[in-house]
Amino acid sequence: MNMDKEPLLFIHNLSKEFGPIKALKNVSINFRRGEIHIILGENGAGKTTLAKILAGIYRIDSGDIILDGRKIRIRNTKDSLKNGIAIVSQYPKLIEQLTVAENLLLAMDKYGYLNTTKSIEKDAKEIINRYGLNIDLNKKVYTLSFSERQRVEILKALLLKPKVLILDEPTTLLTDKEKLHLYKFINSLRNEGRLIIVITHRIDEALNIGDRITILRNGEVITTIDKKNANKEMIIHEMFGATVEKEKQLKLSKRNGPGDTVLSVVGVDIYDDYGNKILENITLELREGEIHGVFGLAGSGLKELGETLYGLREYSGGKITILGQDLRRIDRDEMANMVGYIPDNILKSLILDLNIEQNYRVKQRLWRIQENYMEHIINKFRIKAESLKQNAGTLSGGNLQKLAVSREIILKPKILIAINPTKALDHISIETLHNIFMEYINEGGSILLLSEDINEVIDISDIVSVITKRKLRTLERGINKREHVLELLA
Amino acid sequence: MKIIIRRRFVEPPYLKFTLTILAIIISLIISMLIIYATASIPPTKFLYSIYSGLIDPSTLRYLIPLTLSGLGLILPYKAGVWNIGSEGQLLAGAIATTYIALYILPKNIVGYIGIPIILIASVLAGGGYALIAGYLKAKFNLNEILSTLMLNYIMIGLGNYLVYGPWRGETQYGYPRTDIIPNQLWINPIQFGGINVNPVFIPTIIIVAAAMHYLFKNTRIGYEIKVYGLNPDAALHSGISKTKIILVTMFLSGALAGLAGAAEILSIHRQLIRVQDVSAGYGYMAILVTWLSRMDPLATILSGYLVSALIASGYTLQIIAGLTIGAVNLFVGGLLILTTALDFLLKYEVKLKW
C-alpha cells in the first residue's frame, strides 16, 4: 500500500494568464500514484484551466511539470498522451455521424493509417468487458445518450493506457444511478495503481469519492487535505473565502409572470450545413417576459436551431411564427429590428477591424446613435474600453461579448435569441451578463437561451427544453431541476 | 536577430499612400534592371518614356475607360464581391450604344436628346449584364469570379457575331464593322488649356468619384457595403441584406463599365468594330487601377491616370527603344504584385530586434 502512495505527478509554480485574467497563480500540487485526487473550486477558480494544461490544450506561461521524477514539457495534446496523461472532458467531443469504433480509431494514431476499425475492436472489447462499460461499438454516435457518450470518452482515454486519467466535471450530466456506477468504476481504476484526477465544483462529490482534495480559489491553491481530515463546513469556507454572501444576487431579481406567446415553432425540421436533418419535428414556445432555456450538447443542433429561428437557414415541415408573423415573410432588416441575436461565435457578430462606435452603427436602427448615449451604454454594461474610437479587436473576449449583447438589446427588441452567450467567459463576466439578461426580462423582453452549459440553463431559465437524439423535449413549466433534465438526456 | 510581427490595431495615417509610392518606385527599379539586363536599354531611356507617357495628352484617352470601369469595381470589391467582368460589361455598353444609335434613334435626331438616351441605354446594358452574375451569386451562391469571367467571353462572342454578321456595315467594304453612327451623336473633345478634353466623360468621372467618396463616407448603404465586405456574417446578423448588397454593387459596377463602353464608341471608334479592339483589355486593366487606389474613389483618378500614362509610354518605348508593350506590362505586373505584397505591412507591424 505504501508503495502506491509515492508521488507520481508534481506540478510546481504553474502560472497561466489570459490577457488581463490570471487563471492560475503559482500553483503547486503533489499528486500520488494510486489516489483519487479531487480538484475542487467554484466556477472560474482555475480548475478547468489546470486540466487543459495537463492535457496539452493550453500551454503554461511558467512553472514545471514533473512526472515520475522527470521534468516533462507539454506543448500539445500529443505530448500529453505520450507521457500517459489522458483527459475525459466535461462535454464529449465525438463526431456524430461516425460509429463509436470509428471515433475511437480517430483518436489513436498508433494503429497506423490503413487499418480499419477491426484493429481497435479487440482492445476496446477487452476494456469494455473488464470494466463493464456497456458500449456498442457499431452504433452511430448521434444515437447515444449522454452517459453512453461519456463512457465512449472514457474508453477512448483507457485505450491509451494512461498513467494519469483526468475527469473534468464527469458527473455534470449523469443521473444518480449513473453517478454511482461511475464512482465504482473510478475506484477500480485507482486500485490498479493509476492516478485519477477529478475536477469538480461539487463538495459532496469530493467528500464521497476523493482520497485527497485540493481546493482552488481565484487561480490559487488554498490547501490540500486528506479526506479523513475534511468536513463540509471547512471546505465551504476554503472554497468561497469571504465571497459567499455575494454569490447569488441573480435570484434577487423579481420576474413578471409569462405573458403572450412571442415566438412559436410547430413541427419544424431543421438542417445542418450539409443538408442533413439535424433536428426533427421541433415544437417550441417562447412567452413574453420569460427565459426559455434550451440545453443541448455541442453538435446537437443548438446552433442550427438558433440560426433557423433568426431566418438564416432553410427549414421544412411546420411553421415558425415570430411576433405573429410567419418567419418566411420577414425580411432581414425587419428581423434585425424585431429580434436581438447573439450568434455562437462573436466573430459573426462584431467586426474587429472597426472601432466600437462603428460596430454599434452596423445595426441599422443605431445608425444615428448619439456618442454620449453610446458612452452611457458602455458604462451600464461595464465594457472596459478607453474610448469609442478603440478598435473592437483590442477588447478582451468578455468585453466583446458584452459589446455584442449591448448592441442587440439597447433597442429593446421583444425577443433575444442567444446561442452560448457565456461560453468562454470568466465567472464575473458571466454574472454581469446574467444580470443584464434579468434586467432585460424585467423590462418586458423574452430570451431564448440556447446553451451547452447545463448549469446556466437550469440557473436562469423559467422553462427548460432539452435537445437529445434529434428531438427537442420541453419540461413542464416550473420544473427545471437538474434531475429532470438529466432524465430526458438518459 | 529576431523578427517580431504584430497585428496592427490602428493604421498609421498616410501609410497607404506611402506604401503605394514605395510599390511604384520598387517596381520601376526592378523593371529598369530587367530591361537593362535583357535588352541593354539604358534606364534613362526607360524613365524618359514613362515621363513622356505622364505628360502625353493622349493619356486622357485611356483614362476614360480605365477610370470609369475602375470606379465601378470599387463598389463590389469593397463588399468582397470579385467582379472581373468589366470587360464584358463594357462591351455590353458598347453594343447597346451602337444598337440604339444605328437602329433605334431616327437618323436626324439632335445630339442633346440622342446622347442621353444612348448613355442611359449603355448604363442599363452594362448594369443588367453584371446583374446576371450578381443574381446567380445572391440566389445560388455561384462563384462570381467564374461567372463574370465566362460572361466576358459570351459578350465577346456576341459582339463579334454581330459585326461579322447581321450588323456588318453596308459602307464598310466588307470589313467586320458596323456603319458609322450619325455624326451629331459623336462626342468630340474640346480644347481646354491647350489639351483635348472630353466634355462629357471627364466631368462624369469627377462627379462619380466625388459621389462615391460621399457614399462611403456619409451614407448608410456605403457603410453596409463596407461592413458586408469586412464580415458578411456580422452584416447578415445585423439585418443587412446580402442580396441587396450584391445586386446593387454589381449593377452599379456594370453600369459604369457600360458607360465606358459608350465612351469608346461615341468618342473614339464611332462604330462597332471587332470587339477585342473595343474593350482592348481595359476591363482587366481596370482591376489594377482599383487595386492600386486601394479602393479609394478619389485616388482612383490618380491611379487611372498612372496606368493610362503607362499605356501611352508603351507606345513611346516602341518608338524610341524598339521594345514591345510587354516592357510596360512588366512594370504593371510588378506594380500589382508589390501593391498586394506590401498590403501585409498595412495589417501587420514588423520589427527587427537584434
# chains A, B, ... in the order shown; residues from 1 in each chain; ligands from 1
>>> residues_around(residues="Asn183 in chain B", least_positions_apart="6", cutoff="12 Å", atoms="only C-alpha atoms", output="list in words")
Ala101, Leu102, Lys107, Asn108, Ile109, Val110, Gly111, Gly114, Ile115, Ile265, Leu266, Ser267, His269, Arg270 and Gln271 of chain B
>>> interface_residues(of="chain A", to="chain B", cutoff="8 Å", atoms="only C-alpha atoms", output="PDB file with N, CA and C atoms, in the first residue's frame")
ATOM      1  N   ARG A 332     -34.729  40.554 -43.872  1.00  0.00           N
ATOM      2  CA  ARG A 332     -33.603  40.589 -42.937  1.00  0.00           C
ATOM      3  C   ARG A 332     -33.592  41.825 -42.042  1.00  0.00           C
ATOM      4  N   ASP A 333     -33.846  43.002 -42.611  1.00  0.00           N
ATOM      5  CA  ASP A 333     -33.706  44.160 -41.722  1.00  0.00           C
ATOM      6  C   ASP A 333     -34.877  44.258 -40.755  1.00  0.00           C
ATOM      7  N   GLU A 334     -36.024  43.758 -41.175  1.00  0.00           N
ATOM      8  CA  GLU A 334     -37.170  43.700 -40.268  1.00  0.00           C
ATOM      9  C   GLU A 334     -36.833  42.768 -39.099  1.00  0.00           C
ATOM     10  N   MET A 335     -36.240  41.622 -39.438  1.00  0.00           N
ATOM     11  CA  MET A 335     -35.851  40.648 -38.416  1.00  0.00           C
ATOM     12  C   MET A 335     -34.880  41.269 -37.424  1.00  0.00           C
ATOM     13  N   ALA A 336     -33.877  41.973 -37.957  1.00  0.00           N
ATOM     14  CA  ALA A 336     -32.871  42.565 -37.084  1.00  0.00           C
ATOM     15  C   ALA A 336     -33.487  43.614 -36.158  1.00  0.00           C
ATOM     16  N   ASN A 337     -34.581  44.215 -36.571  1.00  0.00           N
ATOM     17  CA  ASN A 337     -35.247  45.180 -35.707  1.00  0.00           C
ATOM     18  C   ASN A 337     -36.110  44.517 -34.642  1.00  0.00           C
ATOM     19  N   TYR A 341     -29.997  39.151 -31.529  1.00  0.00           N
ATOM     20  CA  TYR A 341     -29.427  37.843 -31.833  1.00  0.00           C
ATOM     21  C   TYR A 341     -27.957  37.812 -31.442  1.00  0.00           C
ATOM     22  N   LEU A 347     -17.264  36.448 -33.574  1.00  0.00           N
ATOM     23  CA  LEU A 347     -16.755  36.988 -34.841  1.00  0.00           C
ATOM     24  C   LEU A 347     -17.834  37.044 -35.910  1.00  0.00           C
ATOM     25  N   LYS A 348     -18.961  36.394 -35.656  1.00  0.00           N
ATOM     26  CA  LYS A 348     -20.061  36.501 -36.601  1.00  0.00           C
ATOM     27  C   LYS A 348     -20.910  37.729 -36.297  1.00  0.00           C
ATOM     28  N   SER A 349     -20.590  38.389 -35.196  1.00  0.00           N
ATOM     29  CA  SER A 349     -21.434  39.485 -34.763  1.00  0.00           C
ATOM     30  C   SER A 349     -20.705  40.820 -34.855  1.00  0.00           C
ATOM     31  N   LEU A 350     -19.434  40.812 -34.507  1.00  0.00           N
ATOM     32  CA  LEU A 350     -18.690  42.069 -34.455  1.00  0.00           C
ATOM     33  C   LEU A 350     -17.626  42.091 -35.537  1.00  0.00           C
ATOM     34  N   ILE A 351     -17.162  43.285 -35.854  1.00  0.00           N
ATOM     35  CA  ILE A 351     -16.120  43.435 -36.860  1.00  0.00           C
ATOM     36  C   ILE A 351     -14.903  44.003 -36.156  1.00  0.00           C
ATOM     37  N   ASP A 353     -12.035  44.857 -37.110  1.00  0.00           N
ATOM     38  CA  ASP A 353     -11.284  45.929 -37.759  1.00  0.00           C
ATOM     39  C   ASP A 353     -11.953  47.293 -37.614  1.00  0.00           C
ATOM     40  N   VAL A 362     -23.405  49.404 -37.124  1.00  0.00           N
ATOM     41  CA  VAL A 362     -23.690  48.330 -38.077  1.00  0.00           C
ATOM     42  C   VAL A 362     -25.185  48.014 -38.072  1.00  0.00           C
ATOM     43  N   LYS A 363     -25.773  48.104 -36.898  1.00  0.00           N
ATOM     44  CA  LYS A 363     -27.201  47.855 -36.779  1.00  0.00           C
ATOM     45  C   LYS A 363     -27.954  49.065 -37.334  1.00  0.00           C
ATOM     46  N   GLN A 364     -28.886  48.786 -38.241  1.00  0.00           N
ATOM     47  CA  GLN A 364     -29.495  49.899 -38.969  1.00  0.00           C
ATOM     48  C   GLN A 364     -30.134  50.949 -38.065  1.00  0.00           C
ATOM     49  N   TRP A 367     -27.855  53.552 -36.541  1.00  0.00           N
ATOM     50  CA  TRP A 367     -27.052  54.318 -37.499  1.00  0.00           C
ATOM     51  C   TRP A 367     -26.824  55.744 -37.005  1.00  0.00           C
ATOM     52  N   ASN A 391     -10.388  50.182 -31.547  1.00  0.00           N
ATOM     53  CA  ASN A 391     -10.777  49.058 -32.393  1.00  0.00           C
ATOM     54  C   ASN A 391     -11.343  47.924 -31.552  1.00  0.00           C
ATOM     55  N   GLY A 393     -11.100  44.921 -31.989  1.00  0.00           N
ATOM     56  CA  GLY A 393     -10.107  43.856 -31.868  1.00  0.00           C
ATOM     57  C   GLY A 393      -9.222  43.972 -30.638  1.00  0.00           C
ATOM     58  N   THR A 394      -9.181  45.154 -30.007  1.00  0.00           N
ATOM     59  CA  THR A 394      -8.311  45.304 -28.838  1.00  0.00           C
ATOM     60  C   THR A 394      -9.042  44.958 -27.534  1.00  0.00           C
TER      61      THR A 394
END
>>> residues_around(residues="Ile95 in chain B", least_positions_apart="3", cutoff="12 Å", atoms="only C-alpha atoms", output="PyMOL selection string")
chain B and resi 88-92+98-103+118-119+121-126+129+155-163+167+177-178+258-266+270-275+278-279
>>> residues_around(residues="Ser49 in chain B", least_positions_apart="2", cutoff="6 Å", atoms="only C-alpha atoms", output="list in words")
Phe46, Leu47, Tyr51, Ser52, Ser313, Thr316 and Leu317 of chain B
>>> residues_around(residues="Ile4 in chain B", least_positions_apart="6", cutoff="7 Å", atoms="only C-alpha atoms", output="ChimeraX atom specification")
/B:350-352
>>> residues_around(residues="Ile268 in chain B", least_positions_apart="6", cutoff="10 Å", atoms="only C-alpha atoms", output="list of chain:residue names")
B:Arg61, B:Trp186, B:Ile187, B:Asn188, B:Pro189, B:Ala262, B:Val278
>>> write_last_selection(atoms="N, CA and C atoms", output="PDB file, in the first residue's frame")
ATOM      1  N   ARG B  61      -7.074  59.777 -73.115  1.00  0.00           N
ATOM      2  CA  ARG B  61      -7.917  58.915 -73.922  1.00  0.00           C
ATOM      3  C   ARG B  61      -8.101  57.556 -73.238  1.00  0.00           C
ATOM      4  N   TRP B 186     -21.738  61.983 -82.081  1.00  0.00           N
ATOM      5  CA  TRP B 186     -20.343  61.865 -81.642  1.00  0.00           C
ATOM      6  C   TRP B 186     -20.094  62.811 -80.472  1.00  0.00           C
ATOM      7  N   ILE B 187     -19.217  62.397 -79.578  1.00  0.00           N
ATOM      8  CA  ILE B 187     -18.802  63.316 -78.519  1.00  0.00           C
ATOM      9  C   ILE B 187     -17.345  63.650 -78.793  1.00  0.00           C
ATOM     10  N   ASN B 188     -17.116  64.833 -79.332  1.00  0.00           N
ATOM     11  CA  ASN B 188     -15.752  65.211 -79.699  1.00  0.00           C
ATOM     12  C   ASN B 188     -15.079  65.955 -78.550  1.00  0.00           C
ATOM     13  N   PRO B 189     -13.754  65.779 -78.431  1.00  0.00           N
ATOM     14  CA  PRO B 189     -13.044  66.526 -77.385  1.00  0.00           C
ATOM     15  C   PRO B 189     -13.054  68.020 -77.685  1.00  0.00           C
ATOM     16  N   ALA B 262     -19.848  53.024 -73.857  1.00  0.00           N
ATOM     17  CA  ALA B 262     -20.458  54.085 -74.649  1.00  0.00           C
ATOM     18  C   ALA B 262     -19.414  55.128 -75.020  1.00  0.00           C
ATOM     19  N   VAL B 278     -12.348  46.951 -79.176  1.00  0.00           N
ATOM     20  CA  VAL B 278     -13.105  47.966 -78.439  1.00  0.00           C
ATOM     21  C   VAL B 278     -12.740  47.898 -76.957  1.00  0.00           C
TER      22      VAL B 278
END
>>> residues_around(residues="Glu17 in chain A", least_positions_apart="5", cutoff="10 Å", atoms="only C-alpha atoms", output="mmCIF file with C-alpha atoms, in the first residue's frame")
data_model
loop_
_atom_site.group_PDB
_atom_site.id
_atom_site.type_symbol
_atom_site.label_atom_id
_atom_site.label_comp_id
_atom_site.auth_asym_id
_atom_site.auth_seq_id
_atom_site.Cartn_x
_atom_site.Cartn_y
_atom_site.Cartn_z
ATOM 1 C CA LYS A 22 -4.690 35.436 -14.173
ATOM 2 C CA ALA A 23 -6.246 31.996 -14.410
ATOM 3 C CA LEU A 24 -3.560 30.233 -12.364
ATOM 4 C CA LYS A 25 -1.123 31.846 -9.972
ATOM 5 C CA THR A 49 -7.528 25.615 -16.970
ATOM 6 C CA ILE A 60 1.843 27.120 -19.401
ATOM 7 C CA ASP A 61 3.346 30.588 -19.045
ATOM 8 C CA SER A 62 5.773 29.494 -16.332
ATOM 9 C CA GLY A 219 -6.394 30.614 -9.510
#
>>> closest_residue(among="A:Asn345, A:Thr48, A:Asn13, A:Thr321", to="Val262 in chain A", atoms="only C-alpha atoms")
A:Thr321
>>> closest_residue(among="B:Ile41, B:Ala257, B:Leu33, B:Ala209", to="Ile84 in chain B", atoms="only C-alpha atoms")
B:Ala257
>>> select_by_dssp(residues="range 74-211 of chain A", states="strand (DSSP E)", output="mmCIF file with N, CA, C and O atoms, in the first residue's frame")
data_model
loop_
_atom_site.group_PDB
_atom_site.id
_atom_site.type_symbol
_atom_site.label_atom_id
_atom_site.label_comp_id
_atom_site.auth_asym_id
_atom_site.auth_seq_id
_atom_site.Cartn_x
_atom_site.Cartn_y
_atom_site.Cartn_z
ATOM 1 N N ILE A 85 -0.835 10.853 -20.059
ATOM 2 C CA ILE A 85 -1.875 11.648 -19.411
ATOM 3 C C ILE A 85 -3.072 11.741 -20.360
ATOM 4 O O ILE A 85 -2.927 12.177 -21.501
ATOM 5 N N ALA A 86 -4.234 11.282 -19.918
ATOM 6 C CA ALA A 86 -5.417 11.334 -20.775
ATOM 7 C C ALA A 86 -6.516 12.088 -20.046
ATOM 8 O O ALA A 86 -6.597 12.063 -18.821
ATOM 9 N N ILE A 87 -7.350 12.768 -20.823
ATOM 10 C CA ILE A 87 -8.418 13.563 -20.205
ATOM 11 C C ILE A 87 -9.777 13.166 -20.771
ATOM 12 O O ILE A 87 -9.911 12.848 -21.954
ATOM 13 N N VAL A 88 -10.766 13.134 -19.881
ATOM 14 C CA VAL A 88 -12.146 12.967 -20.325
ATOM 15 C C VAL A 88 -12.806 14.311 -20.075
ATOM 16 O O VAL A 88 -12.971 14.726 -18.931
ATOM 17 N N VAL A 164 -2.089 8.641 -15.884
ATOM 18 C CA VAL A 164 -2.877 9.675 -15.230
ATOM 19 C C VAL A 164 -4.165 9.864 -16.037
ATOM 20 O O VAL A 164 -4.111 10.068 -17.251
ATOM 21 N N LEU A 165 -5.297 9.752 -15.356
ATOM 22 C CA LEU A 165 -6.568 9.978 -16.042
ATOM 23 C C LEU A 165 -7.260 11.170 -15.391
ATOM 24 O O LEU A 165 -7.469 11.187 -14.184
ATOM 25 N N ILE A 166 -7.571 12.171 -16.211
ATOM 26 C CA ILE A 166 -8.221 13.372 -15.677
ATOM 27 C C ILE A 166 -9.687 13.357 -16.110
ATOM 28 O O ILE A 166 -9.996 13.160 -17.287
ATOM 29 N N LEU A 167 -10.574 13.542 -15.146
ATOM 30 C CA LEU A 167 -12.000 13.619 -15.478
ATOM 31 C C LEU A 167 -12.476 15.024 -15.126
ATOM 32 O O LEU A 167 -12.419 15.433 -13.975
ATOM 33 N N ASP A 168 -12.918 15.770 -16.141
ATOM 34 C CA ASP A 168 -13.335 17.154 -15.912
ATOM 35 C C ASP A 168 -14.847 17.179 -15.687
ATOM 36 O O ASP A 168 -15.609 16.899 -16.612
ATOM 37 N N LEU A 195 -3.227 7.187 -11.302
ATOM 38 C CA LEU A 195 -3.625 8.427 -10.641
ATOM 39 C C LEU A 195 -4.883 8.951 -11.343
ATOM 40 O O LEU A 195 -4.916 9.097 -12.557
ATOM 41 N N ILE A 196 -5.928 9.165 -10.544
ATOM 42 C CA ILE A 196 -7.162 9.710 -11.120
ATOM 43 C C ILE A 196 -7.338 11.128 -10.585
ATOM 44 O O ILE A 196 -7.362 11.332 -9.372
ATOM 45 N N ILE A 197 -7.418 12.091 -11.477
ATOM 46 C CA ILE A 197 -7.671 13.468 -11.046
ATOM 47 C C ILE A 197 -9.101 13.819 -11.450
ATOM 48 O O ILE A 197 -9.464 13.708 -12.617
ATOM 49 N N VAL A 198 -9.901 14.181 -10.478
ATOM 50 C CA VAL A 198 -11.289 14.533 -10.774
ATOM 51 C C VAL A 198 -11.484 16.028 -10.508
ATOM 52 O O VAL A 198 -11.208 16.511 -9.424
ATOM 53 N N ILE A 199 -11.943 16.730 -11.543
ATOM 54 C CA ILE A 199 -12.206 18.157 -11.408
ATOM 55 C C ILE A 199 -13.688 18.310 -11.096
ATOM 56 O O ILE A 199 -14.529 17.768 -11.809
ATOM 57 N N THR A 200 -14.010 19.044 -10.052
ATOM 58 C CA THR A 200 -15.433 19.200 -9.738
ATOM 59 C C THR A 200 -15.665 20.473 -8.945
ATOM 60 O O THR A 200 -14.734 21.042 -8.371
#
>>> select_by_dssp(residues="range 264-343 of chain B", states="helix (DSSP H, G or I)", output="ChimeraX atom specification")
/B:264-269,275-279,282-292,297-321,326-343
>>> closest_residue(among="A:Leu472, A:Ile29, A:Leu400, A:Ile463", to="Leu305 in chain A", atoms="only C-alpha atoms")
A:Leu472
